[in-house]
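Have a look at model-v9.cif below; it lists mmCIF, C-alpha atoms.
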data_coords
#
loop_
_atom_site.label_atom_id
_atom_site.label_comp_id
_atom_site.auth_asym_id
_atom_site.auth_seq_id
_atom_site.Cartn_x
_atom_site.Cartn_y
_atom_site.Cartn_z
CA MET B 1 56.25 -6.33 -41.53
CA ASP B 2 57.28 -9.86 -42.53
CA ASP B 3 60.88 -8.74 -42.95
CA GLU B 4 60.80 -6.91 -39.67
CA MET B 5 59.37 -9.87 -37.79
CA ASN B 6 61.94 -12.24 -39.38
CA PRO B 7 65.24 -10.43 -38.81
CA GLY B 8 67.35 -13.58 -39.14
CA PRO B 9 68.44 -16.30 -36.81
CA LEU B 10 66.85 -16.21 -33.40
CA PRO B 11 68.97 -14.95 -30.55
CA PRO B 12 70.85 -17.46 -28.44
CA GLY B 13 68.71 -18.93 -25.68
CA THR B 14 65.43 -18.58 -27.61
CA PRO B 15 63.90 -22.06 -27.69
CA GLU B 16 62.70 -23.55 -30.90
CA ILE B 17 58.94 -24.10 -30.97
CA PRO B 18 57.78 -27.39 -32.44
CA GLU B 19 54.88 -27.06 -34.87
CA SER B 20 52.47 -28.76 -32.52
CA ASP B 21 53.56 -26.85 -29.43
CA VAL B 22 52.70 -23.21 -30.28
CA PRO B 23 49.80 -23.17 -27.76
CA GLY B 24 52.04 -24.71 -25.10
CA ALA B 25 54.77 -22.15 -25.70
CA LEU B 26 52.21 -19.37 -25.48
CA GLU B 27 50.85 -20.81 -22.22
CA ARG B 28 54.36 -21.09 -20.73
CA PHE B 29 55.03 -17.52 -21.80
CA LEU B 30 51.86 -16.29 -20.13
CA MET B 31 52.63 -18.22 -16.94
CA GLY B 32 56.10 -16.77 -16.93
CA ARG B 33 54.60 -13.33 -17.44
CA ASP B 34 52.45 -13.79 -14.38
CA THR B 35 55.29 -15.04 -12.19
CA GLY B 36 57.74 -12.31 -13.14
CA SER B 37 60.07 -14.34 -15.36
CA VAL B 38 59.64 -11.88 -18.19
CA ALA B 39 62.31 -9.68 -16.77
CA SER B 40 64.89 -12.41 -17.03
CA ALA B 41 63.76 -13.21 -20.57
CA ALA B 42 64.03 -9.56 -21.53
CA ASP B 43 67.50 -9.29 -19.97
CA ALA B 44 68.63 -12.36 -21.87
CA ARG B 45 67.38 -10.91 -25.10
CA ASN B 46 68.99 -7.55 -24.46
CA GLN B 47 72.31 -9.29 -23.86
CA THR B 48 72.11 -11.29 -27.06
CA ARG B 49 70.66 -8.54 -29.28
CA PRO B 50 71.67 -5.20 -27.77
CA GLU B 51 71.09 -3.40 -31.00
CA THR B 52 67.42 -4.39 -31.06
CA PHE B 53 66.07 -3.41 -27.61
CA VAL B 54 66.89 -0.58 -25.27
CA ALA B 55 65.79 -0.66 -21.66
CA GLY B 56 62.12 0.36 -21.41
CA ALA B 57 61.37 0.59 -25.16
CA ALA B 58 61.64 -1.59 -28.24
CA GLN B 59 63.55 -0.11 -31.16
CA GLU B 60 61.99 -2.39 -33.75
CA PRO B 61 58.34 -1.63 -34.57
CA CYS B 62 55.73 -3.53 -32.61
CA PRO B 63 53.73 -6.12 -34.58
CA GLU B 64 50.32 -5.22 -35.89
CA PRO B 65 47.34 -6.53 -33.86
CA GLY B 66 46.59 -9.09 -36.55
CA ASP B 67 50.11 -10.61 -36.36
CA TRP B 68 49.34 -12.14 -32.96
CA THR B 69 46.87 -14.55 -34.52
CA LEU B 70 49.83 -16.82 -35.29
CA LEU B 71 50.17 -17.52 -31.57
CA LEU B 72 46.43 -18.13 -31.19
CA ALA B 73 46.27 -20.74 -33.98
CA ARG B 74 46.24 -24.34 -32.81
CA THR B 75 48.25 -25.75 -35.78
CA PRO B 76 50.30 -23.01 -37.49
CA GLN B 77 51.93 -23.65 -40.83
CA PRO B 78 55.56 -24.85 -40.70
CA GLU B 79 56.82 -21.69 -42.32
CA ASP B 80 55.20 -19.64 -39.49
CA ILE B 81 57.05 -21.37 -36.60
CA GLU B 82 60.07 -19.08 -36.82
CA ARG B 83 57.84 -16.03 -36.98
CA ALA B 84 55.87 -17.23 -33.92
CA SER B 85 59.14 -17.56 -32.00
CA ALA B 86 60.03 -14.00 -32.96
CA LEU B 87 56.63 -12.79 -31.77
CA LEU B 88 57.07 -14.49 -28.39
CA THR B 89 60.58 -13.06 -28.07
CA HIS B 90 59.28 -9.58 -28.85
CA ALA B 91 56.41 -9.94 -26.39
CA ALA B 92 58.83 -11.00 -23.67
CA ALA B 93 60.63 -7.67 -23.94
CA CYS B 94 57.71 -5.34 -24.81
CA PRO B 95 55.21 -4.76 -21.97
CA GLU B 96 52.63 -3.23 -24.31
CA CYS B 97 52.65 -6.16 -26.72
CA SER B 98 52.73 -8.62 -23.84
CA GLY B 99 49.56 -7.05 -22.39
CA ARG B 100 47.91 -7.08 -25.82
CA LEU B 101 48.79 -10.76 -26.28
CA ARG B 102 47.42 -11.61 -22.83
CA ILE B 103 44.15 -9.81 -23.59
CA LEU B 104 43.74 -11.55 -26.93
CA SER B 105 44.49 -14.98 -25.48
CA ALA B 106 42.62 -14.66 -22.14
CA ASP B 107 39.43 -12.89 -23.25
CA VAL B 108 38.63 -14.92 -26.31
CA SER B 109 34.92 -15.67 -26.31
CA PRO B 110 33.41 -18.88 -27.74
CA ALA B 111 32.25 -16.90 -30.78
CA GLU B 112 35.75 -15.50 -31.31
CA SER B 113 37.32 -18.95 -30.90
CA SER B 114 34.98 -20.31 -33.54
CA ILE B 115 35.98 -17.55 -35.95
CA LEU B 116 39.70 -17.95 -35.24
CA ALA B 117 39.43 -21.70 -35.83
CA ARG B 118 38.26 -20.99 -39.35
CA LEU B 119 41.32 -18.81 -40.07
CA LYS B 120 43.68 -21.75 -40.70
CA SER B 121 43.23 -21.63 -44.45
CA SER B 122 42.86 -17.83 -44.65
CA SER B 123 45.51 -15.45 -45.88
CA SER B 124 47.56 -13.30 -43.55
CA PRO B 125 45.82 -9.99 -44.42
CA VAL B 126 42.41 -11.55 -43.75
CA GLN B 127 43.59 -12.92 -40.41
CA ARG B 128 44.99 -9.55 -39.44
CA ASN B 129 41.80 -7.65 -40.29
CA LEU B 130 39.54 -10.08 -38.46
CA ALA B 131 41.81 -10.14 -35.42
CA GLU B 132 41.67 -6.36 -35.20
CA GLU B 133 37.88 -6.45 -35.46
CA LEU B 134 37.57 -9.13 -32.78
CA ALA B 135 40.00 -7.33 -30.48
CA ARG B 136 38.31 -3.95 -30.69
CA THR B 137 34.66 -4.12 -31.74
CA PRO B 138 33.03 -6.34 -29.05
CA ARG B 139 34.59 -4.50 -26.14
CA ALA B 140 33.61 -1.13 -27.56
CA ALA B 141 30.08 -2.26 -28.41
CA GLU B 142 29.31 -3.86 -25.06
CA PRO B 143 28.67 -0.55 -23.21
CA GLN B 144 26.52 0.60 -26.12
CA ARG B 145 24.41 -2.56 -25.92
CA SER B 146 24.04 -2.04 -22.19
CA LEU B 147 23.01 1.58 -22.67
CA ARG B 148 20.46 0.60 -25.31
CA TYR B 149 19.10 -2.10 -23.04
CA TYR B 150 18.63 0.30 -20.13
CA TYR B 151 17.21 2.96 -22.45
CA TRP B 152 14.55 0.69 -23.91
CA THR B 153 13.81 -0.85 -20.53
CA GLY B 154 13.28 2.60 -19.03
CA ALA B 155 11.17 3.68 -21.99
CA GLY B 156 9.00 0.58 -21.63
CA MET B 157 8.50 1.17 -17.92
CA ALA B 158 7.59 4.83 -18.55
CA ALA B 159 5.07 3.84 -21.23
CA SER B 160 3.52 1.25 -18.93
CA LEU B 161 3.25 3.83 -16.16
CA LEU B 162 1.54 6.33 -18.47
CA ILE B 163 -0.93 3.69 -19.63
CA ALA B 164 -1.69 2.74 -16.03
CA LEU B 165 -2.22 6.39 -15.08
CA GLY B 166 -4.47 6.89 -18.10
CA LEU B 167 -6.58 3.87 -17.20
CA LEU B 168 -6.80 5.05 -13.59
CA SER B 169 -7.92 8.54 -14.70
CA TRP B 170 -10.49 7.03 -17.04
CA TRP B 171 -11.81 4.75 -14.29
CA ARG B 172 -12.12 7.63 -11.85
CA LEU B 173 -13.94 9.76 -14.41
CA ALA B 174 -16.26 6.94 -15.39
CA ASN B 175 -17.15 6.31 -11.72
CA ASN B 176 -17.34 9.96 -10.67
CA PRO B 177 -20.85 10.61 -9.24
CA GLU B 178 -21.12 14.01 -10.93
CA HIS B 179 -20.30 12.45 -14.30
CA LEU B 180 -22.72 9.57 -13.70
CA ILE B 181 -25.58 11.95 -12.83
CA ALA B 182 -24.94 13.94 -16.01
CA GLU B 183 -24.94 10.69 -17.98
CA ALA B 184 -28.24 9.66 -16.40
CA TYR B 185 -29.77 13.03 -17.39
CA THR B 186 -28.66 12.50 -21.01
CA GLN B 187 -30.02 8.95 -21.07
CA ALA B 188 -33.44 10.11 -19.86
CA ARG B 189 -33.97 13.89 -19.97
CA ILE B 190 -37.26 14.26 -18.13
CA PHE B 191 -37.57 18.08 -18.05
CA ASP B 192 -36.60 21.18 -20.05
CA LEU B 193 -33.98 22.49 -17.64
CA ARG B 194 -30.32 21.53 -18.05
CA MET B 195 -27.89 19.98 -15.57
CA PRO B 196 -24.15 20.64 -15.30
CA GLU B 197 -21.86 18.58 -17.58
CA ALA B 198 -24.82 16.83 -19.24
CA ALA B 199 -24.69 16.27 -22.99
CA PHE B 200 -27.59 17.18 -25.24
CA ALA B 201 -30.69 15.00 -25.28
CA GLU B 202 -34.28 15.46 -26.33
CA VAL B 203 -36.87 15.68 -23.57
CA ALA B 204 -38.27 12.21 -22.89
CA PRO B 205 -42.09 12.04 -23.08
CA VAL B 206 -42.38 9.57 -20.18
CA ARG B 207 -41.83 11.01 -16.70
CA HIS B 208 -41.14 9.32 -13.38
CA VAL B 209 -43.81 8.84 -10.76
CA ARG B 210 -42.99 11.59 -8.28
CA GLY B 211 -41.49 10.27 -5.07
CA ALA B 212 -40.77 6.78 -6.39
CA GLY B 213 -38.14 5.29 -8.63
CA SER B 214 -39.02 4.21 -12.13
CA PRO B 215 -38.54 0.54 -13.08
CA HIS B 216 -36.52 1.90 -16.03
CA GLU B 217 -34.16 4.02 -13.91
CA PRO B 218 -30.91 4.76 -15.78
CA ALA B 219 -28.19 2.41 -14.56
CA SER B 220 -25.74 5.30 -14.25
CA LEU B 221 -28.06 7.04 -11.78
CA VAL B 222 -28.26 3.90 -9.62
CA VAL B 223 -24.46 3.62 -9.63
CA ALA B 224 -24.13 7.32 -8.80
CA LEU B 225 -26.46 7.00 -5.82
CA THR B 226 -24.49 4.00 -4.58
CA HIS B 227 -21.20 5.91 -4.79
CA ILE B 228 -22.67 8.98 -3.08
CA GLU B 229 -24.16 6.98 -0.21
CA HIS B 230 -20.91 5.08 0.31
CA GLN B 231 -18.81 8.26 0.37
CA LEU B 232 -21.26 10.07 2.62
CA GLN B 233 -20.83 7.34 5.22
CA ALA B 234 -17.16 8.27 5.45
CA THR B 235 -17.65 12.07 5.15
CA PRO B 236 -21.27 12.88 5.99
CA ASN B 237 -20.69 16.64 6.14
CA ASP B 238 -19.06 16.99 2.70
CA PRO B 239 -21.03 19.82 1.02
CA HIS B 240 -20.17 18.71 -2.52
CA LEU B 241 -21.42 15.18 -1.91
CA GLN B 242 -24.58 16.57 -0.31
CA GLN B 243 -25.16 18.76 -3.37
CA LEU B 244 -24.72 15.76 -5.68
CA GLU B 245 -27.17 13.82 -3.53
CA ALA B 246 -29.73 16.60 -3.96
CA ARG B 247 -29.08 16.68 -7.72
CA SER B 248 -29.76 12.96 -7.98
CA GLU B 249 -32.98 13.48 -5.98
CA ILE B 250 -34.11 16.01 -8.60
CA LEU B 251 -33.61 13.43 -11.34
CA GLU B 252 -35.76 11.03 -9.33
CA GLU B 253 -38.37 13.82 -8.96
CA LYS B 254 -37.93 13.80 -5.18
CA TYR B 255 -38.00 17.59 -4.95
CA ASP B 256 -38.77 18.02 -1.25
CA PRO B 257 -35.65 16.24 0.09
CA ALA B 258 -33.57 17.90 -2.60
CA ILE B 259 -34.75 21.38 -1.55
CA ASP B 260 -34.15 20.58 2.12
CA ILE B 261 -30.52 19.64 1.42
CA LEU B 262 -29.86 22.59 -0.91
CA GLU B 263 -31.44 25.18 1.39
CA ARG B 264 -29.22 24.04 4.26
CA LEU B 265 -26.17 24.38 2.01
CA VAL B 266 -27.23 27.86 0.85
CA ALA B 267 -27.77 28.98 4.45
CA LYS B 268 -24.41 27.59 5.52
CA GLY B 269 -22.49 28.95 2.53
CA PRO B 270 -20.49 29.66 0.58
CA VAL B 271 -23.15 30.34 -2.04
CA THR B 272 -22.01 29.40 -5.53
CA ALA B 273 -23.63 29.63 -8.94
CA GLY B 274 -23.78 25.82 -9.14
CA LEU B 275 -25.53 25.56 -5.79
CA LEU B 276 -28.13 28.18 -6.78
CA LEU B 277 -28.58 26.44 -10.13
CA ASP B 278 -29.48 23.12 -8.49
CA ASP B 279 -31.75 24.78 -5.93
CA ALA B 280 -33.57 26.69 -8.67
CA SER B 281 -34.09 23.46 -10.64
CA ALA B 282 -35.61 21.75 -7.60
CA TYR B 283 -37.95 24.70 -6.91
CA PHE B 284 -39.00 25.08 -10.56
CA GLU B 285 -39.76 21.39 -11.09
CA ARG B 286 -41.68 21.23 -7.84
CA GLY B 287 -43.58 24.35 -8.87
CA ILE B 288 -44.50 22.73 -12.20
CA ALA B 289 -45.57 19.50 -10.46
CA THR B 290 -47.65 21.25 -7.80
CA ASP B 291 -48.62 24.35 -9.82
CA SER B 292 -46.95 26.51 -7.20
CA GLU B 293 -46.41 30.11 -8.31
CA SER B 294 -44.19 30.73 -5.31
CA ASP B 295 -41.81 27.91 -6.16
CA ARG B 296 -41.41 29.10 -9.76
CA ALA B 297 -40.80 32.66 -8.61
CA THR B 298 -38.15 31.44 -6.18
CA ALA B 299 -36.51 29.49 -9.00
CA LEU B 300 -36.22 32.63 -11.16
CA GLU B 301 -34.80 34.61 -8.26
CA TYR B 302 -32.10 31.99 -7.64
CA LEU B 303 -31.23 31.85 -11.35
CA ARG B 304 -30.79 35.62 -11.53
CA ARG B 305 -28.39 35.44 -8.57
CA ALA B 306 -26.51 32.61 -10.26
CA ASP B 307 -26.32 34.72 -13.44
CA GLU B 308 -24.68 37.50 -11.44
CA LEU B 309 -22.10 35.10 -10.01
CA ALA B 310 -21.41 33.37 -13.37
CA PRO B 311 -22.60 35.66 -16.18
CA GLY B 312 -21.08 33.50 -18.93
CA ASP B 313 -22.29 30.09 -17.77
CA PRO B 314 -24.43 28.64 -20.61
CA VAL B 315 -26.29 26.20 -18.31
CA VAL B 316 -27.36 29.05 -16.00
CA LEU B 317 -28.43 31.22 -18.96
CA PHE B 318 -30.34 28.33 -20.57
CA ASN B 319 -32.34 27.59 -17.41
CA GLU B 320 -32.90 31.28 -16.71
CA ALA B 321 -34.32 31.80 -20.19
CA VAL B 322 -36.61 28.76 -19.84
CA VAL B 323 -38.00 29.97 -16.51
CA MET B 324 -38.44 33.53 -17.83
CA GLU B 325 -40.33 32.15 -20.79
CA GLU B 326 -42.56 30.07 -18.54
CA ARG B 327 -43.13 33.09 -16.30
CA GLY B 328 -44.34 35.14 -19.28
CA GLN B 329 -41.32 37.46 -19.38
CA LEU B 330 -40.91 37.02 -23.13
CA MET B 331 -38.75 40.07 -23.90
CA ASN B 332 -36.34 39.19 -21.06
CA ALA B 333 -36.30 35.58 -22.25
CA VAL B 334 -35.32 36.62 -25.82
CA GLU B 335 -32.52 38.80 -24.48
CA THR B 336 -31.26 35.96 -22.25
CA TRP B 337 -31.44 33.45 -25.11
CA ASN B 338 -29.33 35.73 -27.28
CA ARG B 339 -26.75 36.02 -24.51
CA TYR B 340 -26.81 32.27 -24.11
CA LEU B 341 -26.03 31.73 -27.80
CA ARG B 342 -22.87 33.81 -27.47
CA PHE B 343 -21.45 31.48 -24.80
CA GLU B 344 -22.73 28.06 -25.84
CA HIS B 345 -20.32 26.07 -28.05
CA ASP B 346 -22.20 22.77 -28.36
CA VAL B 347 -23.96 22.76 -31.74
CA ARG B 348 -26.96 20.73 -30.55
CA TRP B 349 -27.59 22.91 -27.50
CA GLN B 350 -27.18 25.96 -29.72
CA GLN B 351 -29.80 24.60 -32.08
CA GLU B 352 -32.34 24.22 -29.26
CA GLY B 353 -31.64 27.78 -28.14
CA ARG B 354 -32.16 29.15 -31.67
CA LEU B 355 -35.43 27.27 -32.07
CA ARG B 356 -36.69 28.70 -28.77
CA VAL B 357 -35.69 32.24 -29.77
CA GLN B 358 -37.45 31.90 -33.11
CA ALA B 359 -40.59 30.61 -31.42
CA LEU B 360 -40.57 33.53 -28.96
CA GLU B 361 -39.99 36.11 -31.70
CA GLN B 362 -42.90 34.72 -33.72
CA LYS B 363 -45.08 34.85 -30.63
CA LEU B 364 -44.07 38.46 -29.96
CA ASN B 365 -44.77 39.42 -33.58
CA GLN B 366 -48.22 37.87 -33.37
CA MET B 367 -48.91 39.75 -30.18
CA LYS B 368 -47.94 43.03 -31.84
CA LYS B 369 -50.35 42.37 -34.73
CA GLN B 370 -53.29 41.74 -32.45
CA PRO B 371 -55.51 44.78 -31.94
CA PRO B 372 -55.44 46.25 -28.46
CA PRO B 373 -58.33 45.22 -26.22
CA SER B 374 -61.27 47.65 -26.35
#
Output the file's structure as C-alpha cells, nothing else.
Amino acid sequence: MDDEMNPGPLPPGTPEIPESDVPGALERFLMGRDTGSVASAADARNQTRPETFVAGAAQEPCPEPGDWTLLLARTPQPEDIERASALLTHAAACPECSGRLRILSADVSPAESSILARLKSSSSPVQRNLAEELARTPRAAEPQRSLRYYYWTGAGMAASLLIALGLLSWWRLANNPEHLIAEAYTQARIFDLRMPEAAFAEVAPVRHVRGAGSPHEPASLVVALTHIEHQLQATPNDPHLQQLEARSEILEEKYDPAIDILERLVAKGPVTAGLLLDDASAYFERGIATDSESDRATALEYLRRADELAPGDPVVLFNEAVVMEERGQLMNAVETWNRYLRFEHDVRWQQEGRLRVQALEQKLNQMKKQPPPS
C-alpha cells in the first residue's frame, strides 16, 4: 500500500503541502469539494496522469480506511507529507474516498479527537486499525444503544405498572366489605356456624350483648360497616350490599334486622345458596338466643334448600350438619359430616368436622348399648 500510495513524483499542478499546513490543505480540499471544484481538480489530474484514472473510476486501488489518518493528524511526520499529498490527489478524483474522508473529518467526536491526538507516536498499522474502529464501531453501536435504552425503559414502565396494579388489587381486597366481615368472624368467632370466606377460628367464650355493640368489637367489622353504609348511600337497592349488611348484623347479634333484610331479598329473588345460608344463620342464632323451636326449624329448612342449590359447598354442609345435630337428627348429621369432609380442603376445618363426627358416633354407640325403655 505504501508503494501504491507513493507512485513517484506528484503530477503537475499538485501543490506541495508544508508540514504545518496539512489541516489547512484538508480544509481547502473539503471547501472545494462543497463548491464543486473537485471536478476541475479531477480533470487536471486526468490530464497529467491519464494512465492512472479513467472517467468515473480509479484504476489504482483506493487507500485503506486507516490511511486517511495522515490527513487528520495535526503535525504529520516530514516523510508523510508526500503521501498526504497523494491521498488528497486521490480523494479529489475518487468520489467514494472523498465521501469517506469528509465523514472521517466532519463527524469526529471529542472522544475520537482525543484518541487520534495520541496517534502521533504510534505506528502506521496501529493508526490504521484504530481509525477503522473509530469509523465503523460508534455509528453501528448507536442504534443498538438506543434500542437497549428503549427496551429497558419500556420494561421498567411495565414493571411499575404491574406493581401499581398489584397494590391496587391488594388494597381493594383488603377493603372489600365481604373480606372484612370474614376477617371479623375469624378474629372473634362467637357461634358454631361458619360464614363464607372466613378462616378457621375457635369459638370465643365471650359473646356480645344482643342488640348492642361490644366495646371490643373487631376493628375489621367496624370498617366493613362503614364501607357498606357509604356504598349503600350511593346504591341503596344493591342486593349484594344489603346481604352483606345483614351478615354484619348477624355478627353483632342483631338478628331481627338481619332477618328482615334477608327475607325481603329471598322474596324478591333470585334465591341463591349464599342468601339462604345467611338467612338460616340469622334464624338459627335467634332461635338459640330466644329458645325458639320455629326459628331453628326454619334454619334447617333453608340449609337443606341451600344444599340442593350448592351440594358441594363445605360451608353449607358444615352449618347443615351443626343444625341437624342440634335438632337431634344424629344419623343425618353423621351422613352430612361425612359428605362435608369430602369437599373441605382446609386442614383445620377438616379437623373440627372429624372431631364432631367422632363425638356423634360415640353418642350413637352409647345409645345402642342402652337397654330399651320398659
Go ahead and fit an axis-aligned box to every listed atom of range 247-257 of chain B plus 3 Å each side, and pass me the centre and edge lengths in Å, one decimal, as JSON.
{"center_x": -33.9, "center_y": 14.5, "center_z": -5.6, "size_x": 15.7, "size_y": 13.0, "size_z": 17.4}
Check which residues satisfy the PyMOL selection byres ((chain B and resi 265-275) around 9) in the file shown, then give them as a PyMOL selection string. chain B and resi 196+239+242-243+260-264+276-280+302-303+305-310+313+316
Using all atoms listed in the file, the shortest atom-to-atom distance to Asp346 in chain B among B:Ala289, B:Ala198, B:Ala321, B:Leu88 belongs to B:Ala198
Using only C-alpha atoms, what table do you get, as a Markdown table, when you list each residue of range 231-290 of chain B with an atom no more than 10 Å from range 175-186 of chain B, its nearest pair of atoms, and their distance in Å rounded to one decimal, rows by chain then rising number?
| residue | atom | partner | partner_atom | distance |
| --- | --- | --- | --- | --- |
| B:His240 | CA | B:Glu178 | CA | 9.7 |
| B:Leu241 | CA | B:Pro177 | CA | 8.7 |
| B:Gln243 | CA | B:Glu178 | CA | 9.8 |
| B:Leu244 | CA | B:Glu178 | CA | 6.6 |
| B:Glu245 | CA | B:Pro177 | CA | 9.1 |
| B:Arg247 | CA | B:Ile181 | CA | 7.8 |
| B:Ser248 | CA | B:Ile181 | CA | 6.5 |
| B:Leu251 | CA | B:Tyr185 | CA | 7.2 |
Contacts of Val334 in chain B at 9 Å or less, counting only C-alpha atoms, minus same-chain residues fewer than 5 places along, as a ChimeraX atom specification? /B:321,325,329,339,356-358,360-361
Rounded to one decimal, what separation in Å do you get between CA of Phe343 in chain B and CA of Leu355 in chain B? 16.3 Å
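Picture a line from CA of Arg342 in chain B to CA of Leu317 in chain B; it runs 10.5 Å.
Note that the spacing between CA of Ile250 in chain B and CA of Met331 in chain B amounts to 28.9 Å.
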What lies within 10 Å of Ala204 in chain B using only C-alpha atoms, ignoring chain neighbours under 6 positions off, as a ChimeraX atom specification? /B:186-192
